[in-house]
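Chemist: Sharing a structure with you now.
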Amino acid sequence: MRKKYIMAPGPTPIPAEVLAEAGMPIMHHRTPQFQAIFKATHEGLQMFFRTKQPVMTFASVGTGVMESAVANMTSPGEKVLVASAGHFGNRWKDICAVFGVQAELCEAEWGQAIDPEEVKKKLKASPEVKLVFTTLNETSTGVVNDIQTLTKVVHEAGALIVVDAISGLGAAPCETEAWGVDLILSGSQKGFMIPPGLAFVCAAPSAVEKTKIAKNPRYYFSYDKALKKLTEEKMPDTPFTPAISLIIQVRKALELIKEEGMENVWKRHAGLAKATRAGVEAIGLKLFAPKAPSPALTAVIAPEGIDSGLINKTFRDTYGISIAGGQAKVKGKIFRIGHLGYVDGSDIILGIATLEMVLHKLGKKVPLGVGVKAAQEILLAENL
Ligand SMILES: *Cc1c(COP(=O)(O)O)cnc(C)c1O
């Protein structure tokens, strides 16, 4: 027998009490019973997004709401800036292309965070750009971007910022309202601790204004339709059938997050990430993103001569643990250990201990226990 674990930066593990909610009998959504659940969920989402603005819920994966942002915020022929630090950042450019939007790419070297000074320069050189698309946590490289500074720089240039916080929300501190982020979106199978299938968008009044002049087409993903149902009726509602069972699950997950408290959730992620990095480095491996490391996942460079896909495969096939490999141009070169959502110190010990054994299996005989010891020391110091 082999127990199965998921240590990927999405999908992430789900607490048992959240899984159990999925077994509730289906209810009709146009009932006072469901409306009360949706209202509680909406309040939980505002807590999670750190905002008092409405947070829209769509039955969708994360990429769906990325597409919704382009559809609602842009017009054909419009010039925008995409500030990217990797594979997911670059997805903004691909979506823009489909909608006839000219996206100029400001791409950081993979493994580095976006430099706000570079964004400032690009915006100065293209004053017609009124919209910048970027990423809070770049999942492909394990980098966290400085959204507070980026938002300031973008606003100083008279533009609006759109942030993909799909893997960042709940791991990296993000003060949506206090920092003035114009549009921010996320997806359910990451920090929300529920299965894939829900995605969320919070649009500040500045972004709502932009949607009114934006001419690209949208129907299901219309923010106008979603916001009307969310704010103009007695109880928050959705224009189309909501993903009822997933909403019931996310309500429960948000309750757990509220009990722990957002600051504590951020602190836990920071501590788990620090312990993971310490373990990896003590083993003698190199971090892919040492300068701006993500609190949601740790990207590690595979040792010389070992394809990172093989590390991934050995984790999964020999030890039942799903981690993540490298994507696009770092495929085969890095592997990624997720510590996002429903994760605690024991998971990190398991992950690092398994990494040592995986390396042994692949012929790299690192001294056993050195990584575990380094991780334990951090976990003790951080009370995790
Ligand atoms: C996971 C992820 C996505 C894509 O989400 P899907 O739900 O797979 O569409 C986009 N951006 C980031 C930063 C992600 O981590």
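Chain lettering (A, B, ...) mirrors the order of the structure tokens, residue numbering begins at 1 for each chain separately, and ligand numbering begins at 1 in order of display.
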Give me, as a Markdown table, each residue of chain A that comes within 6 Å of ligand 1, together with its shortest interatomic pair and the distance in Å at one decimal, counting only C-alpha atoms and all ligand atoms, with rows ordered by chain and rising residue number.
Modeler:
```
| residue | atom | partner | partner_atom_place_in_ligand_line | distance |
| --- | --- | --- | --- | --- |
| A:Val61 | CA | ligand 1 | 7 (O) | 3.9 |
| A:Gly62 | CA | ligand 1 | 7 (O) | 3.6 |
| A:Thr63 | CA | ligand 1 | 9 (O) | 3.6 |
| A:Phe88 | CA | ligand 1 | 11 (N) | 4.9 |
| A:Asn137 | CA | ligand 1 | 13 (C) | 5.7 |
| A:Glu138 | CA | ligand 1 | 13 (C) | 5.0 |
| A:Thr139 | CA | ligand 1 | 15 (O) | 4.7 |
| A:Asp164 | CA | ligand 1 | 13 (C) | 6.0 |
| A:Ile166 | CA | ligand 1 | 12 (C) | 4.9 |
| A:Ser167 | CA | ligand 1 | 15 (O) | 4.2 |
| A:Gly187 | CA | ligand 1 | 7 (O) | 5.8 |
```
Chemist: At a cut-off of 9 Å, using only C-alpha atoms, what residues contact A:Glu67? Leave out same-chain residues fewer than 2 positions from it and give the result as number ranges by chain.
Modeler: A: 62-65, 69-72, 92, 95-96, 221
Chemist: Mind writing the picked residues with C-alpha atoms as a PDB file, in the first residue's frame?
Modeler:
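Below is the file that was written, part_19.pdb:
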```pdb
ATOM      1  CA  GLY A  62      -8.172  30.342 -13.377  1.00  0.00           C
ATOM      2  CA  THR A  63      -7.399  30.815 -17.059  1.00  0.00           C
ATOM      3  CA  GLY A  64     -11.092  31.496 -17.656  1.00  0.00           C
ATOM      4  CA  VAL A  65     -11.038  34.563 -15.442  1.00  0.00           C
ATOM      5  CA  ALA A  69     -10.129  40.237 -17.574  1.00  0.00           C
ATOM      6  CA  VAL A  70      -8.926  40.778 -21.143  1.00  0.00           C
ATOM      7  CA  ALA A  71     -12.486  40.526 -22.531  1.00  0.00           C
ATOM      8  CA  ASN A  72     -13.929  43.034 -20.038  1.00  0.00           C
ATOM      9  CA  TRP A  92      -1.551  37.234 -20.599  1.00  0.00           C
ATOM     10  CA  ILE A  95      -4.890  35.842 -24.386  1.00  0.00           C
ATOM     11  CA  CYS A  96      -4.444  39.455 -25.501  1.00  0.00           C
ATOM     12  CA  PHE A 221     -17.912  36.411 -18.278  1.00  0.00           C
TER      13      PHE A 221
END
```
Chemist: Determine which residues of stretch 203-363 of chain A receive a DSSP assignment of alpha helix (DSSP H), computed from the backbone, and state them as an MDAnalysis selection string.
Modeler: chainID A and resid 205:213 223:231 244:260 262:283 308:319 345:361
Chemist: Between A:Ala36, A:Leu340, A:Ala353, A:Ile257, single out the one closest to A:Pro11, counting only C-alpha atoms.
Modeler: A:Leu340
Chemist: Would you mind writing down, as a list in words, each residue of stretch 47-147 of chain A that DSSP on the backbone assigns to strand (DSSP E)?
Modeler: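 Strand (DSSP E) members of stretch 47-147 of chain A, listed: Val55, Met56, Thr57, Phe58, Ala59, Lys79, Val80, Leu81, Val82, Ala83, Ser84, Gln102, Ala103, Glu104, Leu105, Cys106, Glu107, Leu131, Val132, Phe133, Thr134, Thr135, Asn137, Glu138, Val143 and Val144 of chain A.
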Chemist: How about saving the chosen residues, C-alpha atoms kept, as a short mmCIF file (atom, residue, chain, number, x, y, z; two decimals), in the first residue's frame?
Modeler:
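Written file, part_6.cif:
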```cif
data_model
loop_
_atom_site.label_atom_id
_atom_site.label_comp_id
_atom_site.auth_asym_id
_atom_site.auth_seq_id
_atom_site.Cartn_x
_atom_site.Cartn_y
_atom_site.Cartn_z
CA VAL A 55 -15.90 39.71 -5.39
CA MET A 56 -17.43 37.93 -8.40
CA THR A 57 -17.57 34.13 -8.50
CA PHE A 58 -17.51 32.20 -11.77
CA ALA A 59 -17.71 28.48 -12.50
CA LYS A 79 -1.93 48.64 -26.65
CA VAL A 80 -1.21 47.16 -23.20
CA LEU A 81 1.82 46.08 -21.20
CA VAL A 82 2.35 42.57 -19.88
CA ALA A 83 4.81 42.51 -16.97
CA SER A 84 5.80 38.86 -16.70
CA GLN A 102 -1.34 44.53 -28.80
CA ALA A 103 0.56 43.38 -25.74
CA GLU A 104 4.10 44.57 -25.24
CA LEU A 105 6.04 42.13 -23.07
CA CYS A 106 8.24 43.29 -20.19
CA GLU A 107 9.69 39.95 -19.13
CA LEU A 131 -3.42 48.84 -18.75
CA VAL A 132 -0.78 46.55 -17.26
CA PHE A 133 -1.29 42.81 -16.77
CA THR A 134 0.89 41.03 -14.22
CA THR A 135 1.17 38.14 -11.73
CA ASN A 137 3.01 34.65 -7.59
CA GLU A 138 4.69 33.26 -10.72
CA VAL A 143 8.88 33.92 -7.66
CA VAL A 144 6.72 36.41 -5.81
#
```
Chemist: Find the spatial neighbours of A:Ala172, counting only C-alpha atoms, within a cut-off of 12 Å - ignore same-chain residues fewer than 2 positions away - and output them as a PyMOL selection string.
Modeler: chain A and resi 48-49+135-138+142-148+165-170+174-176+191+262-271+273+292-297+339-341
Chemist: Counting only C-alpha atoms, what is within 12 Å of stretch 367-372 of chain A, bar same-chain residues fewer than 3 positions away, as a count of residues only?
Modeler: 33
Chemist: Using only C-alpha atoms, which residue out of A:Leu384, A:Ala289, A:Ala214, A:Val163 lies closest to A:Cys202?
Modeler: A:Val163
Chemist: Calculated over only C-alpha atoms, which of the candidates A:Pro242, A:Pro195, A:Pro205, A:Gly10 has the smallest distance to A:Leu183?
Modeler: A:Pro205
